[in-house]
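Colleague: Would you mind keeping the following structure in view while I ask a few things?
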Amino acid sequence: SIDGSVFYDKELLAVDNNPLSPNYGRLYVTFIKFHMTGASGRSDYCPIQLATTNPSGTPNTWTWSGTSVVPDDPGAKGVGASANQWAMPVVDETGALDVAYALEDCNTGLDRAFFFTRSTNGGSTFSAPVRIDKPGQFADNPNIQDRLPNKKARMPISPSLAFDPTEDLLLFAYQNNIDRQRSGADISIQTSDDFGATWSDTSNVAVTPAGDAAPSDQFFPWLAVDGSTGDVFAVWFDQRNDPTNDLIETFVGESTDGGQTWTNVRVSDEAWDPDDAFFNCGCFIGDYNGIAVGGSLLYPVWTDGRTSAGKPLGQTDIFTDVMSLT
């Protein structure tokens with residue numbers, strides 16, 4: 001049966017791979033639980049939930065249990081502390097579960113702030129939320145439906161959380177419109193060297209060779225850390241090379257100093273038009289890209305509409321270009 005009073009969204013997975021952790025092998029899945037109100041499809045509250053395994057015995061005998069990361073708040077009318085989205089789980093080297101998330105209104109794409117919480121007991125309880133963004137350093141997409149100016153597709157903040165075990169460093173990247181009038185939508189990053197208790201000021205990931213914020217719009221970032229070197233990598237969509245700020249390319253960035261400074265390289269070899277990449281409306285191109293690093297290789301993955309037939313049957317494909325780090 002289907003419970004029409006709830007809707008689940010944006011499930012993401014983390015694994016405790018530390019053999020010294022008391023929760024070694026445990027799986028963590030964060031997701032958002034929208035509590036619907038009537039036939040309107042609107043939600044009264046939409047807090048983060050967590051599902052975890054009990055890793056005893058063999059994996060095919062594991063069972064799942066659930067808990068609330070953020071409490072329910074009936075009557076909240078879709079705003080406030082129980083209005084969440086973009087929950088990002090990672091397990092740090094102590095075996096603790098770290099979760100970064102946005103305060104996003106349940107019924108629009110308006111993101112009001114970013115918060116962080118941590119569980120040191122396998123997801124049973126969580127610390128008091130800590131605000132990540134700082135006054136005057138973050139602004140959401142100016143349109144509450146997540147459409148950047150003069151664009152048809154939804155392009156939300158799409159944050160990403162990663163952990164560097166070589167420096168015990170948390171890294172959190174997201175689309176930021178605080179300097180929209182000067183450099184368009186930027187990719188900002190903040191870091192924490194005390195397991196989320198405090199966070200750094202923002203710095204730019206998408207940059208020019210001179211280190212300035214890249215022009216035009218950048219969005220859909222994702223982070224990965226080389227656990228042996230601590231080098232940080234990011235992938236994102238970038239429109240810096242199109243004077244009209246329409247065509248999309250994919251860029252990769254690297255930081256060797258914990259996210260403080262970055263070098264950028266274009267990884268895609270052809271630009272594409274998002275207006276032609278989703279049926280007839282051009283109104284959706286996904287919400288994420290992805291990147292992974294292992295050994296001496298980097299694996300960026302992105303949505304790409306270069307082969308789209310255009311309207312009315314526009315479509316996208318999944319592209320990659322494996323990059324050598326040597």
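Quick note on naming: the chains in the structure tokens go A, B, ... in the order shown, residues restart at 1 in each chain, and ligands are numbered from 1 in order of appearance.
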Using DSSP on the backbone, list every residue of stretch 65-235 of chain A that comes out as alpha helix (DSSP H), and give them as a PyMOL selection string.
Modeller: chain A and resi 180-183
Colleague: Keeping N, CA, C and O atoms, export the residues of the selection given above as a CSV table (one decimal), in the first residue's frame.
Modeller:
```csv
chain,number,residue,atom,x,y,z
A,180,ARG,N,26.2,37.8,-7.2
A,180,ARG,CA,25.5,37.6,-8.5
A,180,ARG,C,25.7,38.7,-9.5
A,180,ARG,O,25.9,38.5,-10.7
A,181,GLN,N,25.7,40.0,-9.0
A,181,GLN,CA,25.8,41.1,-9.9
A,181,GLN,C,27.2,41.2,-10.5
A,181,GLN,O,27.4,41.8,-11.6
A,182,ARG,N,28.2,40.7,-9.8
A,182,ARG,CA,29.6,40.8,-10.3
A,182,ARG,C,30.0,39.6,-11.1
A,182,ARG,O,30.7,39.7,-12.1
A,183,SER,N,29.7,38.4,-10.6
A,183,SER,CA,30.3,37.2,-11.2
A,183,SER,C,29.3,36.1,-11.4
A,183,SER,O,29.6,34.9,-11.6
```
Colleague: Identify, on the basis of only C-alpha atoms, every residue whose closest approach to A:Asn121 does not exceed 9 Å; exclude the query and any residue fewer than 3 positions from it along the same chain; express the result as a list in words.
Modeller: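 Near A:Asn121, the qualifying residues are Pro22, Asn23, Gly95, Ala96, Leu97, Ser124, Thr125 and Phe126 of chain A.
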Colleague: Could you pull out the strand (DSSP E) residues of stretch 32-136 of chain A, going by DSSP on the backbone, and write them as a PyMOL selection string?
Modeller: chain A and resi 32-37+42-45+48-53+64-68+84-91+97-104+111-119+130-131
Colleague: Can you pull out the residues contacting stretch 298-300 of chain A? Cut-off 7 Å, using only C-alpha atoms, and skip same-chain residues under 6 positions away; I want them as a PyMOL selection string.
Modeller: chain A and resi 235+290-292+320-325
Colleague: Output the selection as a compact mmCIF listing (two decimals), in the first residue's frame - C-alpha atoms for each residue.
Modeller:
```txt
# COMPACT_ATOMS: atom_id res chain seq x y z
CA VAL A 235 33.15 18.88 -10.59
CA GLY A 290 29.32 13.36 -9.42
CA ILE A 291 33.02 12.71 -8.93
CA ALA A 292 35.15 9.99 -7.34
CA THR A 320 32.52 10.86 -18.14
CA ASP A 321 36.18 11.40 -18.97
CA VAL A 322 38.56 9.50 -16.72
CA MET A 323 41.46 11.75 -15.76
CA SER A 324 44.96 10.68 -14.74
CA LEU A 325 46.47 12.37 -11.67
```
Colleague: Which residues, written as a ChimeraX atom specification, have at least one atom at most 8 Å from stretch 28-33 of chain A, with only C-alpha atoms counted and residues fewer than 4 positions away on the same chain left out?
Modeller: /A:6-15,46-53,84-85,87-89
Colleague: If you take only C-alpha atoms and a cut-off of 10 Å, which residues of stretch 63-170 of chain A touch stretch 214-218 of chain A, and what are their nearest atom pairs and distances in Å to one decimal, in chain and number order, as a Markdown table?
Modeller:
```
| residue | atom | partner | partner_atom | distance |
| --- | --- | --- | --- | --- |
| A:Leu148 | CA | A:Asp217 | CA | 8.5 |
| A:Pro149 | CA | A:Asp217 | CA | 9.8 |
| A:Met155 | CA | A:Gln218 | CA | 9.5 |
```
